[in-house]
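J.: Below is the file target32.txt, with compact mmCIF, C-alpha atoms and all ligand atoms.
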# COMPACT_ATOMS: atom_id res chain seq x y z
CA MET K 1474 20.36 -10.58 -8.37
CA LYS K 1475 17.25 -10.59 -6.21
CA ILE K 1476 14.54 -8.29 -4.99
CA ILE K 1477 13.15 -8.90 -1.51
CA VAL K 1478 9.46 -8.21 -0.90
CA THR K 1479 8.49 -8.28 2.77
CA GLY K 1480 4.75 -8.84 3.04
CA GLY K 1481 4.98 -10.72 -0.29
CA ALA K 1482 2.09 -12.98 0.70
CA GLY K 1483 -0.21 -10.00 1.31
CA PHE K 1484 -2.67 -8.31 -0.99
CA LEU K 1485 -0.37 -5.64 -2.45
CA GLY K 1486 2.85 -7.65 -2.06
CA SER K 1487 1.64 -10.62 -4.09
CA ARG K 1488 0.25 -8.37 -6.83
CA LEU K 1489 3.48 -6.39 -6.89
CA ILE K 1490 5.42 -9.64 -7.37
CA GLU K 1491 3.13 -10.58 -10.27
CA LEU K 1492 3.67 -7.20 -11.90
CA LEU K 1493 7.47 -7.41 -11.46
CA LEU K 1494 7.42 -10.84 -13.12
CA ARG K 1495 5.37 -9.50 -16.04
CA ARG K 1496 7.96 -6.74 -16.51
CA LEU K 1497 10.71 -9.36 -16.42
CA ASP K 1498 8.82 -11.41 -19.04
CA ALA K 1499 8.47 -8.33 -21.23
CA GLY K 1500 12.29 -8.03 -21.21
CA GLU K 1501 14.63 -5.37 -19.90
CA PRO K 1502 13.18 -4.56 -16.49
CA PRO K 1503 14.48 -1.11 -15.49
CA ILE K 1504 16.23 -2.78 -12.50
CA PRO K 1505 18.24 -5.86 -13.58
CA PHE K 1506 16.91 -8.48 -11.11
CA ASP K 1507 16.29 -12.11 -12.02
CA ARG K 1508 14.53 -13.47 -8.92
CA ILE K 1509 12.25 -12.38 -6.12
CA VAL K 1510 12.19 -13.47 -2.48
CA SER K 1511 8.97 -13.05 -0.52
CA LEU K 1512 9.50 -12.68 3.22
CA ASP K 1513 6.24 -13.04 5.10
CA LEU K 1514 4.57 -14.92 7.94
CA ALA K 1515 2.64 -16.77 5.21
CA GLU K 1516 3.64 -18.54 2.01
CA CYS K 1517 3.62 -16.31 -1.09
CA PRO K 1518 0.73 -17.42 -3.33
CA VAL K 1519 2.58 -16.60 -6.59
CA ALA K 1520 3.66 -19.88 -8.18
CA ASP K 1521 6.68 -19.12 -10.36
CA PRO K 1522 10.17 -20.67 -10.33
CA ARG K 1523 11.69 -17.19 -10.05
CA VAL K 1524 9.87 -16.55 -6.75
CA SER K 1525 10.93 -18.15 -3.49
CA SER K 1526 9.02 -17.85 -0.28
CA VAL K 1527 10.74 -17.42 3.07
CA VAL K 1528 8.19 -17.85 5.85
CA GLY K 1529 9.22 -15.95 8.96
CA ASP K 1530 9.04 -12.81 11.03
CA VAL K 1531 10.38 -9.59 9.53
CA ALA K 1532 11.37 -8.48 13.03
CA SER K 1533 13.76 -11.42 13.37
CA PRO K 1534 17.36 -10.17 12.95
CA GLU K 1535 18.62 -13.76 12.41
CA LEU K 1536 16.27 -14.28 9.49
CA LEU K 1537 17.19 -10.90 8.01
CA ASP K 1538 20.91 -11.61 8.39
CA ARG K 1539 20.39 -14.77 6.38
CA GLU K 1540 18.23 -13.30 3.60
CA VAL K 1541 19.59 -9.78 3.15
CA ASP K 1542 22.86 -10.71 1.47
CA GLU K 1543 25.13 -9.34 -1.26
CA ASP K 1544 22.73 -10.65 -3.92
CA VAL K 1545 20.13 -8.03 -2.92
CA LEU K 1546 19.46 -5.42 -5.58
CA GLY K 1547 16.38 -3.84 -4.04
CA ILE K 1548 13.97 -4.23 -1.15
CA TYR K 1549 10.24 -3.60 -0.89
CA HIS K 1550 9.15 -3.36 2.73
CA LEU K 1551 5.40 -3.98 2.88
CA ALA K 1552 5.04 -6.31 5.90
CA ALA K 1553 3.05 -4.50 8.56
CA VAL K 1554 0.29 -4.64 11.12
CA LEU K 1555 -2.54 -2.57 9.59
CA SER K 1556 -4.59 0.22 11.17
CA GLY K 1557 -7.30 -1.69 13.06
CA GLY K 1558 -4.82 -4.34 14.22
CA SER K 1559 -2.36 -1.68 15.41
CA GLU K 1560 -5.03 0.11 17.43
CA GLU K 1561 -5.98 -3.21 19.05
CA ASN K 1562 -2.46 -4.44 19.75
CA PHE K 1563 0.00 -1.64 20.51
CA ASP K 1564 2.89 -3.98 21.37
CA LEU K 1565 2.54 -5.98 18.15
CA ALA K 1566 2.37 -2.78 16.07
CA LEU K 1567 5.56 -1.49 17.69
CA ARG K 1568 7.33 -4.82 17.25
CA VAL K 1569 6.45 -5.34 13.58
CA ASN K 1570 6.08 -1.80 12.22
CA VAL K 1571 8.92 -0.15 14.17
CA ASP K 1572 11.32 -2.89 15.32
CA GLY K 1573 10.86 -4.84 12.07
CA THR K 1574 11.58 -1.78 9.94
CA ARG K 1575 14.66 -0.90 11.99
CA ALA K 1576 15.95 -4.50 11.81
CA LEU K 1577 15.50 -4.54 8.03
CA LEU K 1578 17.28 -1.21 7.65
CA GLU K 1579 20.15 -2.50 9.82
CA ALA K 1580 20.46 -5.61 7.67
CA ALA K 1581 20.52 -3.44 4.54
CA ARG K 1582 23.07 -1.11 6.13
CA ARG K 1583 25.45 -4.00 6.80
CA LEU K 1584 25.57 -4.73 3.05
CA GLY K 1585 27.45 -1.48 2.48
CA THR K 1586 25.87 -1.14 -0.99
CA ALA K 1587 23.04 1.29 -0.13
CA PRO K 1588 20.33 -0.78 -1.85
CA ARG K 1589 17.15 0.86 -3.04
CA LEU K 1590 14.38 0.32 -0.49
CA VAL K 1591 10.70 1.13 -0.95
CA PHE K 1592 8.76 1.55 2.30
CA THR K 1593 4.96 1.49 2.22
CA SER K 1594 3.67 4.19 4.50
CA SER K 1595 0.18 5.60 4.70
CA LEU K 1596 -1.81 8.80 4.81
CA ALA K 1597 -2.47 7.74 8.42
CA VAL K 1598 0.78 9.57 9.32
CA PHE K 1599 -1.31 12.74 9.00
CA GLY K 1600 -3.91 13.97 11.43
CA GLY K 1601 -4.69 17.02 13.51
CA ASP K 1602 -6.39 19.63 11.35
CA PRO K 1603 -4.83 19.36 7.89
CA PRO K 1604 -5.73 21.77 5.06
CA GLU K 1605 -8.32 20.75 2.41
CA VAL K 1606 -5.50 19.86 0.02
CA VAL K 1607 -2.36 18.74 1.85
CA PRO K 1608 0.89 20.16 0.40
CA GLU K 1609 3.86 17.89 -0.30
CA GLU K 1610 5.92 19.02 2.67
CA TRP K 1611 3.10 18.84 5.27
CA ALA K 1612 4.47 17.30 8.49
CA GLU K 1613 3.33 14.02 10.00
CA GLN K 1614 0.96 14.33 12.97
CA PRO K 1615 -0.55 10.90 13.45
CA ASP K 1616 -3.79 10.32 15.35
CA SER K 1617 -3.47 6.53 15.57
CA THR K 1618 -0.99 3.84 16.60
CA TYR K 1619 -0.75 2.69 12.97
CA GLY K 1620 0.01 6.24 11.79
CA ALA K 1621 2.55 6.76 14.58
CA THR K 1622 4.42 3.54 13.78
CA LYS K 1623 4.44 4.38 10.06
CA ALA K 1624 5.72 7.89 10.87
CA VAL K 1625 8.58 6.39 12.92
CA GLY K 1626 9.32 4.06 10.00
CA GLU K 1627 9.40 7.04 7.64
CA LEU K 1628 11.89 8.91 9.81
CA LEU K 1629 14.10 5.83 10.04
CA VAL K 1630 14.06 5.24 6.27
CA ASN K 1631 14.80 8.89 5.69
CA GLU K 1632 17.69 8.97 8.16
CA TYR K 1633 19.25 5.74 6.85
CA SER K 1634 18.99 7.31 3.38
CA ARG K 1635 20.54 10.62 4.46
CA ARG K 1636 23.47 8.70 5.94
CA GLY K 1637 23.86 6.69 2.73
CA HIS K 1638 22.98 3.29 4.24
CA VAL K 1639 20.02 2.74 1.89
CA ASP K 1640 18.49 4.60 -1.05
CA GLY K 1641 15.02 4.86 0.46
CA ARG K 1642 11.69 5.69 -1.16
CA ILE K 1643 8.72 6.24 1.17
CA CYS K 1644 5.37 5.66 -0.52
CA ARG K 1645 2.44 7.03 1.46
CA LEU K 1646 -0.25 4.99 -0.21
CA PRO K 1647 -3.85 6.16 -0.45
CA THR K 1648 -6.58 3.85 0.82
CA ILE K 1649 -6.87 0.99 -1.65
CA SER K 1650 -10.34 0.48 -3.15
CA VAL K 1651 -11.83 -1.75 -4.41
CA ARG K 1652 -9.95 -4.55 -2.69
CA PRO K 1653 -11.16 -8.13 -3.28
CA GLY K 1654 -11.66 -10.78 -0.59
CA ARG K 1655 -13.03 -10.40 2.88
CA PRO K 1656 -12.87 -7.36 5.19
CA ASN K 1657 -9.44 -6.99 6.88
CA SER K 1658 -8.21 -5.31 10.05
CA ALA K 1659 -7.74 -1.91 8.39
CA ALA K 1660 -10.09 0.75 9.76
CA SER K 1661 -10.66 1.76 6.12
CA SER K 1662 -11.76 -1.75 5.17
CA PHE K 1663 -15.31 -0.43 4.58
CA ALA K 1664 -13.99 1.64 1.63
CA SER K 1665 -13.88 -1.61 -0.31
CA GLY K 1666 -16.68 -3.42 1.55
CA ILE K 1667 -19.41 -0.89 0.66
CA ILE K 1668 -18.72 -1.55 -3.05
CA ARG K 1669 -17.54 -5.17 -3.10
CA GLU K 1670 -20.17 -6.79 -0.87
CA PRO K 1671 -23.22 -5.24 -2.65
CA LEU K 1672 -21.76 -6.13 -6.07
CA ASN K 1673 -21.53 -9.71 -4.77
CA GLY K 1674 -25.15 -9.53 -3.57
CA GLU K 1675 -24.24 -9.21 0.13
CA ARG K 1676 -25.16 -6.54 2.69
CA ALA K 1677 -22.50 -4.04 3.80
CA VAL K 1678 -22.24 -1.48 6.58
CA CYS K 1679 -21.14 2.13 6.07
CA PRO K 1680 -19.60 3.25 9.40
CA VAL K 1681 -18.81 6.92 8.52
CA PRO K 1682 -20.84 9.97 7.36
CA HIS K 1683 -21.39 10.19 3.60
CA ALA K 1684 -19.56 13.55 3.50
CA THR K 1685 -16.30 11.85 4.60
CA ARG K 1686 -13.64 12.51 1.97
CA MET K 1687 -11.47 9.53 1.06
CA TRP K 1688 -8.11 9.55 -0.77
CA LEU K 1689 -8.34 6.41 -2.90
CA SER K 1690 -6.24 4.36 -5.29
CA SER K 1691 -7.19 1.24 -7.22
CA PRO K 1692 -5.05 -1.86 -6.65
CA ARG K 1693 -3.74 -1.54 -10.22
CA ALA K 1694 -2.53 2.06 -9.80
CA ALA K 1695 -1.09 1.36 -6.32
CA VAL K 1696 0.94 -1.62 -7.52
CA ALA K 1697 2.13 0.23 -10.64
CA ASN K 1698 3.27 3.08 -8.39
CA LEU K 1699 5.14 0.73 -6.06
CA ALA K 1700 6.94 -0.82 -9.04
CA HIS K 1701 7.81 2.66 -10.30
CA ALA K 1702 9.06 3.78 -6.87
CA LEU K 1703 12.00 1.37 -7.03
CA GLU K 1704 12.86 2.46 -10.55
CA VAL K 1705 12.78 6.23 -10.17
CA ASP K 1706 16.14 8.01 -9.82
CA GLY K 1707 16.70 8.81 -6.12
CA GLU K 1708 18.26 12.18 -7.01
CA ARG K 1709 14.95 13.25 -8.52
CA ILE K 1710 13.07 12.47 -5.31
CA GLY K 1711 15.26 14.86 -3.34
CA PRO K 1712 16.71 14.70 0.18
CA TRP K 1713 13.38 14.07 1.97
CA ARG K 1714 12.25 10.64 0.79
CA GLY K 1715 8.55 10.90 1.75
CA MET K 1716 6.16 10.83 -1.22
CA ASN K 1717 2.38 11.20 -1.22
CA VAL K 1718 1.43 8.60 -3.82
CA PRO K 1719 -1.29 9.98 -6.13
CA GLY K 1720 -4.90 9.04 -5.50
CA ILE K 1721 -8.28 10.61 -6.16
CA CYS K 1722 -10.47 12.43 -3.65
CA VAL K 1723 -13.98 10.96 -3.41
CA THR K 1724 -16.63 11.33 -0.72
CA VAL K 1725 -18.28 8.21 0.65
CA GLY K 1726 -21.56 9.55 -0.78
CA GLU K 1727 -19.95 9.76 -4.25
CA MET K 1728 -18.73 6.18 -3.86
CA LEU K 1729 -22.29 5.05 -3.09
CA ASP K 1730 -23.64 7.01 -6.09
CA ALA K 1731 -21.07 5.26 -8.30
CA LEU K 1732 -22.12 1.91 -6.81
CA GLU K 1733 -25.71 2.69 -7.83
CA ARG K 1734 -24.66 3.71 -11.38
CA ILE K 1735 -22.75 0.46 -11.86
CA GLY K 1736 -24.62 -2.06 -9.69
CA GLY K 1737 -28.10 -0.50 -9.87
CA ASP K 1738 -30.66 0.28 -7.12
CA GLN K 1739 -30.50 -3.28 -5.94
CA ALA K 1740 -26.76 -3.07 -5.08
CA ARG K 1741 -27.17 0.38 -3.49
CA SER K 1742 -30.00 -0.85 -1.26
CA LEU K 1743 -27.66 -3.41 0.32
CA VAL K 1744 -25.61 -0.72 2.13
CA ASP K 1745 -26.78 0.13 5.66
CA ASP K 1746 -25.58 3.16 7.60
CA ALA K 1747 -24.28 2.20 11.04
CA PRO K 1748 -22.00 4.94 12.43
CA ASP K 1749 -19.01 3.44 14.27
CA ARG K 1750 -17.08 5.82 16.50
CA SER K 1751 -13.89 3.71 16.54
CA VAL K 1752 -13.71 3.74 12.71
CA MET K 1753 -14.67 7.43 12.46
CA ASP K 1754 -12.00 8.44 14.97
CA ILE K 1755 -9.31 6.93 12.76
CA VAL K 1756 -10.58 7.44 9.21
CA CYS K 1757 -12.08 10.92 9.62
CA SER K 1758 -8.69 12.18 10.93
CA TRP K 1759 -7.05 11.36 7.57
CA PRO K 1760 -6.76 14.08 4.92
CA GLY K 1761 -8.98 13.70 1.85
CA GLU K 1762 -6.72 15.21 -0.80
CA PHE K 1763 -3.04 15.88 -1.53
CA GLU K 1764 -0.96 17.96 -3.95
CA VAL K 1765 0.49 15.43 -6.37
CA GLN K 1766 1.67 17.41 -9.42
CA ARG K 1767 5.36 16.72 -8.72
CA MET K 1768 4.63 13.03 -8.21
CA LEU K 1769 2.86 12.86 -11.57
CA GLU K 1770 5.89 14.58 -13.13
CA LEU K 1771 8.11 11.92 -11.53
CA GLY K 1772 6.11 9.31 -13.46
CA PHE K 1773 3.66 8.13 -10.78
CA VAL K 1774 0.07 7.56 -11.94
CA ARG K 1775 -3.44 7.90 -10.57
CA ASP K 1776 -6.89 6.62 -11.36
CA ARG K 1777 -9.28 8.63 -13.49
CA SER K 1778 -12.56 8.15 -11.60
CA ILE K 1779 -14.33 6.08 -8.97
CA ASP K 1780 -16.55 4.60 -11.69
CA ARG K 1781 -13.48 3.25 -13.52
CA MET K 1782 -12.09 1.88 -10.27
CA ILE K 1783 -15.30 -0.03 -9.62
CA ARG K 1784 -15.38 -1.32 -13.21
CA GLN K 1785 -11.76 -2.50 -12.80
CA TYR K 1786 -12.81 -4.44 -9.70
CA VAL K 1787 -15.60 -6.10 -11.68
CA GLU K 1788 -13.15 -6.94 -14.52
CA ASP K 1789 -10.34 -8.18 -12.32
CA PHE K 1790 -11.93 -9.72 -9.27
CA ALA K 1791 -15.71 -10.09 -9.32
CA PRO K 1792 -16.91 -13.72 -9.35
CA GLY K 1793 -16.07 -15.19 -12.75
CA ALA K 1794 -13.47 -12.52 -13.61
CA GLY K 1795 -9.95 -13.51 -14.68
CA ARG K 1796 -6.94 -12.00 -12.93
CA PRO K 1797 -5.43 -9.11 -14.94
CA ALA K 1798 -2.80 -10.25 -17.39
CA GLY K 1799 -0.36 -7.70 -18.75
CA GLN K 1800 -2.41 -4.89 -17.26
CA ASP K 1801 -0.34 -2.46 -15.30
CA GLU K 1802 -1.68 0.98 -14.68
CA ALA K 1803 -4.29 0.70 -17.45
CA GLY K 1804 -6.84 3.44 -17.08
CA ALA K 1805 -4.54 5.56 -14.97
CA GLU K 1806 -3.61 9.20 -15.49
CA THR K 1807 -0.03 10.44 -15.80
CA ALA K 1808 1.38 13.98 -15.71
N1 LIG K 1901 -4.21 -1.59 1.41
C1 LIG K 1901 -4.23 -0.32 1.78
O1 LIG K 1901 -5.27 0.34 1.70
C2 LIG K 1901 -2.96 0.36 2.24
C3 LIG K 1901 -2.99 1.74 2.36
C4 LIG K 1901 -1.84 2.38 2.80
C5 LIG K 1901 -0.72 1.65 3.12
N2 LIG K 1901 -0.72 0.29 3.02
C6 LIG K 1901 0.50 -0.44 3.39
O2 LIG K 1901 0.85 -1.30 2.33
C7 LIG K 1901 1.47 -2.48 2.86
C8 LIG K 1901 0.79 -3.73 2.32
O3 LIG K 1901 -0.59 -3.67 2.65
P1 LIG K 1901 -1.62 -4.82 2.21
O4 LIG K 1901 -2.91 -4.13 1.97
O5 LIG K 1901 -1.03 -5.66 1.18
O6 LIG K 1901 -1.74 -5.61 3.60
P2 LIG K 1901 -1.82 -7.19 3.87
O7 LIG K 1901 -2.29 -7.35 5.28
O8 LIG K 1901 -2.57 -7.88 2.79
O9 LIG K 1901 -0.30 -7.63 3.76
C9 LIG K 1901 0.60 -7.43 4.81
C10 LIG K 1901 1.46 -8.67 4.90
O10 LIG K 1901 2.42 -8.48 5.95
C11 LIG K 1901 2.61 -9.74 6.55
N3 LIG K 1901 3.15 -9.57 7.90
C12 LIG K 1901 2.54 -9.03 8.97
N4 LIG K 1901 3.36 -9.11 10.03
C13 LIG K 1901 4.50 -9.70 9.62
C14 LIG K 1901 5.71 -10.06 10.24
N5 LIG K 1901 5.90 -9.84 11.56
N6 LIG K 1901 6.68 -10.64 9.51
C15 LIG K 1901 6.49 -10.90 8.19
N7 LIG K 1901 5.35 -10.59 7.54
C16 LIG K 1901 4.37 -10.00 8.26
C17 LIG K 1901 1.23 -10.38 6.58
O11 LIG K 1901 1.32 -11.80 6.74
C18 LIG K 1901 0.66 -9.95 5.24
O12 LIG K 1901 0.87 -10.94 4.25
C19 LIG K 1901 1.43 -2.34 4.37
O13 LIG K 1901 2.67 -1.83 4.81
C20 LIG K 1901 0.33 -1.32 4.61
O14 LIG K 1901 0.55 -0.63 5.80
C21 LIG K 1901 -1.82 -0.38 2.58
Show this structure as structure tokens.
Ligand SMILES: NC(=O)c1ccc[n+]([C@@H]2O[C@H](COP(=O)([O-])OP(=O)(O)OC[C@H]3O[C@@H](n4cnc5c(N)ncnc54)[C@H](O)[C@@H]3O)[C@@H](O)[C@H]2O)c1

T.:
Amino acid sequence: MKIIVTGGAGFLGSRLIELLLRRLDAGEPPIPFDRIVSLDLAECPVADPRVSSVVGDVASPELLDREVDEDVLGIYHLAAVLSGGSEENFDLALRVNVDGTRALLEAARRLGTAPRLVFTSSLAVFGGDPPEVVPEEWAEQPDSTYGATKAVGELLVNEYSRRGHVDGRICRLPTISVRPGRPNSAASSFASGIIREPLNGERAVCPVPHATRMWLSSPRAAVANLAHALEVDGERIGPWRGMNVPGICVTVGEMLDALERIGGDQARSLVDDAPDRSVMDIVCSWPGEFEVQRMLELGFVRDRSIDRMIRQYVEDFAPGAGRPAGQDEAGAETA
């Protein structure tokens, strides 16, 4: 039986596939799959005979008809146009994030087996004037195209679940930091750049005020939580399938202080303030903290501190570091 990962060539998708394989290697994965299919516009970088890569568009019903067959045990839906890209290209965001999600749900519905389906949403579904700490049942009120398309996706996943067509799990991920590689089209890309670039000896720009509160998760905790989301009993999630995945609340100023503690004055001096209204309009509308006690009780995890998150980046990704082997949510906090 197979698990489909849309967006399997992406940052989180490829790391999720690696983690699922490690669980398979360790024996008795909680969900009895034996192979993984990545469905992405790009080839999945994970080289393993149990992983096959289908290169194509998630919004293509023909491709989904072919790949979403009776062998499907579970689906992770990560393929998406991110926040900056969605703001720039409204039509593409609607086609991929809304039409693609609907097409995938339709393909899953036709199976008649109500497969488990994890949908990666975002705290960008929130906006307006949220409270300091957002309660679990706080309603979506997006202030961006990305947030609006994710909110539509959430409602679709929830409705297909209510009608018994899929067993959906909506993971509103925090902003991921520290992410390796180059800046991407996410408006929150700086949340990794202001740490990663200085640690690599490069200059970085901070586009938001230092008092901006960020809701952050390390890559390790985010991927562990996605793996867990497919495993958790749907009954325990309850009728509304939206879940605010645990993160930690850190101001941008606290991130820069942590950079100085770990990388020294030299690293800190490489960050220049250059306020950018287009980034602020998106990122400053996102809440900085959420109630997560129930999520921790459901077995989701969160990071302990920004210092540990930066040290993890250095261990896992900084030049010369090896990729994590056998490390799941190491360093993360549970209920
Ligand atoms: N990284 C974060 O901070 C963060 C935060 C919240 C939510 N998310 C969500 O998590 C998911 C994964 O994010 P990521 O950081 O790995 O992003 P990513 O950009 O690295 O990966 C997304 C993948 O989707 C693929 N894709 C885009 N359009 C496609 C299409 N039409 N058909 C098939 N594949 C397509 C891309 O090729 C890419 O490999 C996304 O749904 C994103 O919205 C990410």

J.: Nearest to ligand LIG 1901 (chain K): which of K:Ile1735, K:Val1678, K:Leu1703, K:Val1528 is it, counting only C-alpha atoms and all ligand atoms?

T.: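 Comparing K:Ile1735, K:Val1678, K:Leu1703, K:Val1528 against ligand LIG 1901 (chain K), the winner is K:Val1528.
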
J.: Sorted by chain and rising residue number, list the residues of chain K at most 6 Å from ligand LIG 1901 (chain K) (counting all atoms listed in the file), each with its closest atom pair and distance in Å to one decimal, as a Markdown table.

T.:
| residue | atom | partner | partner_atom | distance |
| --- | --- | --- | --- | --- |
| K:Gly1480 | CA | K:LIG1901 | O10 | 3.7 |
| K:Ala1482 | CA | K:LIG1901 | O12 | 4.3 |
| K:Gly1483 | CA | K:LIG1901 | O12 | 3.3 |
| K:Phe1484 | CA | K:LIG1901 | O5 | 3.8 |
| K:Leu1485 | CA | K:LIG1901 | O5 | 3.7 |
| K:Gly1486 | CA | K:LIG1901 | O5 | 5.4 |
| K:Asp1513 | CA | K:LIG1901 | N7 | 3.6 |
| K:Leu1514 | CA | K:LIG1901 | N7 | 4.4 |
| K:Ala1515 | CA | K:LIG1901 | O11 | 5.4 |
| K:Gly1529 | CA | K:LIG1901 | C15 | 5.8 |
| K:Asp1530 | CA | K:LIG1901 | N6 | 3.5 |
| K:Val1531 | CA | K:LIG1901 | N6 | 3.8 |
| K:Ala1532 | CA | K:LIG1901 | N5 | 5.8 |
| K:Leu1551 | CA | K:LIG1901 | O13 | 4.0 |
| K:Ala1552 | CA | K:LIG1901 | O10 | 3.4 |
| K:Ala1553 | CA | K:LIG1901 | C12 | 4.6 |
| K:Val1554 | CA | K:LIG1901 | C12 | 5.4 |
| K:Leu1555 | CA | K:LIG1901 | O14 | 5.3 |
| K:Val1569 | CA | K:LIG1901 | N5 | 5.0 |
| K:Thr1593 | CA | K:LIG1901 | O13 | 4.8 |
| K:Ser1594 | CA | K:LIG1901 | C5 | 5.3 |
| K:Ser1595 | CA | K:LIG1901 | C4 | 4.2 |
| K:Leu1646 | CA | K:LIG1901 | C4 | 4.3 |
| K:Pro1647 | CA | K:LIG1901 | C3 | 5.3 |
| K:Thr1648 | CA | K:LIG1901 | O1 | 3.8 |
| K:Ile1649 | CA | K:LIG1901 | O1 | 3.8 |

J.: Identify which of the residues K:Gly1674, K:Pro1615, K:Gly1641, K:Gly1711 lies closest to Ala1587 in chain K, counting only C-alpha atoms when measuring atom-to-atom distances.

T.: K:Gly1641

J.: What's the separation between CA of Arg1589 in chain K and CA of Val1696 in chain K, in Å to one decimal place?

T.: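 CA of Val1696 in chain K lies at a distance of 17.0 Å from CA of Arg1589 in chain K.
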
J.: Pick out the closest residue to Glu1632 in chain K from this set: K:Ala1694, K:Val1606, K:Leu1578, K:Val1744. Count all atoms listed in the file.

T.: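 With all atoms listed in the file as the atom set, the closest residue is K:Leu1578.
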
J.: Could you check which of K:Ile1490, K:Cys1517, K:Ala1740, K:Val1527 is closest to Arg1676 in chain K, using all atoms listed in the file?

T.: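 Of the candidates, the smallest distance to Arg1676 in chain K is held by K:Ala1740.
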
J.: Please, which residues are within 12 Å of (8.9, 9.5, -1.5) by the file's coordinates, counting only C-alpha atoms, and could they come as a PDB file with C-alpha atoms, keeping the file's coordinate frame?

T.:
ATOM      1  CA  LEU K1590      14.380   0.320  -0.490  1.00  0.00           C
ATOM      2  CA  VAL K1591      10.700   1.130  -0.950  1.00  0.00           C
ATOM      3  CA  PHE K1592       8.760   1.550   2.300  1.00  0.00           C
ATOM      4  CA  THR K1593       4.960   1.490   2.220  1.00  0.00           C
ATOM      5  CA  SER K1594       3.670   4.190   4.500  1.00  0.00           C
ATOM      6  CA  SER K1595       0.180   5.600   4.700  1.00  0.00           C
ATOM      7  CA  GLU K1609       3.860  17.890  -0.300  1.00  0.00           C
ATOM      8  CA  GLU K1610       5.920  19.020   2.670  1.00  0.00           C
ATOM      9  CA  GLU K1627       9.400   7.040   7.640  1.00  0.00           C
ATOM     10  CA  LEU K1628      11.890   8.910   9.810  1.00  0.00           C
ATOM     11  CA  VAL K1630      14.060   5.240   6.270  1.00  0.00           C
ATOM     12  CA  ASN K1631      14.800   8.890   5.690  1.00  0.00           C
ATOM     13  CA  SER K1634      18.990   7.310   3.380  1.00  0.00           C
ATOM     14  CA  ASP K1640      18.490   4.600  -1.050  1.00  0.00           C
ATOM     15  CA  GLY K1641      15.020   4.860   0.460  1.00  0.00           C
ATOM     16  CA  ARG K1642      11.690   5.690  -1.160  1.00  0.00           C
ATOM     17  CA  ILE K1643       8.720   6.240   1.170  1.00  0.00           C
ATOM     18  CA  CYS K1644       5.370   5.660  -0.520  1.00  0.00           C
ATOM     19  CA  ARG K1645       2.440   7.030   1.460  1.00  0.00           C
ATOM     20  CA  LEU K1646      -0.250   4.990  -0.210  1.00  0.00           C
ATOM     21  CA  ASN K1698       3.270   3.080  -8.390  1.00  0.00           C
ATOM     22  CA  LEU K1699       5.140   0.730  -6.060  1.00  0.00           C
ATOM     23  CA  HIS K1701       7.810   2.660 -10.300  1.00  0.00           C
ATOM     24  CA  ALA K1702       9.060   3.780  -6.870  1.00  0.00           C
ATOM     25  CA  LEU K1703      12.000   1.370  -7.030  1.00  0.00           C
ATOM     26  CA  VAL K1705      12.780   6.230 -10.170  1.00  0.00           C
ATOM     27  CA  ASP K1706      16.140   8.010  -9.820  1.00  0.00           C
ATOM     28  CA  GLY K1707      16.700   8.810  -6.120  1.00  0.00           C
ATOM     29  CA  GLU K1708      18.260  12.180  -7.010  1.00  0.00           C
ATOM     30  CA  ARG K1709      14.950  13.250  -8.520  1.00  0.00           C
ATOM     31  CA  ILE K1710      13.070  12.470  -5.310  1.00  0.00           C
ATOM     32  CA  GLY K1711      15.260  14.860  -3.340  1.00  0.00           C
ATOM     33  CA  PRO K1712      16.710  14.700   0.180  1.00  0.00           C
ATOM     34  CA  TRP K1713      13.380  14.070   1.970  1.00  0.00           C
ATOM     35  CA  ARG K1714      12.250  10.640   0.790  1.00  0.00           C
ATOM     36  CA  GLY K1715       8.550  10.900   1.750  1.00  0.00           C
ATOM     37  CA  MET K1716       6.160  10.830  -1.220  1.00  0.00           C
ATOM     38  CA  ASN K1717       2.380  11.200  -1.220  1.00  0.00           C
ATOM     39  CA  VAL K1718       1.430   8.600  -3.820  1.00  0.00           C
ATOM     40  CA  PRO K1719      -1.290   9.980  -6.130  1.00  0.00           C
ATOM     41  CA  VAL K1765       0.490  15.430  -6.370  1.00  0.00           C
ATOM     42  CA  ARG K1767       5.360  16.720  -8.720  1.00  0.00           C
ATOM     43  CA  MET K1768       4.630  13.030  -8.210  1.00  0.00           C
ATOM     44  CA  LEU K1771       8.110  11.920 -11.530  1.00  0.00           C
ATOM     45  CA  PHE K1773       3.660   8.130 -10.780  1.00  0.00           C
TER      46      PHE K1773
END

J.: Pick out the residues sitting within 12 Å of Arg1775 in chain K, and hand them over as an MDAnalysis selection string; count only C-alpha atoms, and ignore anything fewer than 2 positions along from it in its own chain.

T.: chainID K and resid 1646:1647 1649 1688:1698 1717:1722 1765:1766 1768:1770 1772:1773 1777:1779 1781:1782 1801:1808

J.: Determine, counting all atoms listed in the file, which protein, DNA and RNA residues have an atom within 9 Å of an atom of Asp1544 in chain K; residues of the same chain fewer than 4 positions away are not included. Present the result as a list in words.

T.: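 Here the answer would be Met1474, Lys1475 and Ile1476 of chain K.
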
J.: Those same residues - C-alpha atoms - I'd like them written as a PDB file, in the coordinates of the input.

T.:
ATOM      1  CA  MET K1474      20.360 -10.580  -8.370  1.00  0.00           C
ATOM      2  CA  LYS K1475      17.250 -10.590  -6.210  1.00  0.00           C
ATOM      3  CA  ILE K1476      14.540  -8.290  -4.990  1.00  0.00           C
TER       4      ILE K1476
END

J.: My list of candidates is K:Ser1665, K:Ser1742, K:Ser1751, K:Thr1479. Which is closest to Gly1547 in chain K when distances are computed with all atoms listed in the file?

T.: K:Thr1479

J.: One decimal, Å: what's the distance from CA of Glu1613 in chain K over to CA of Arg1583 in chain K, could you say?

T.: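 The value is 28.7 Å.
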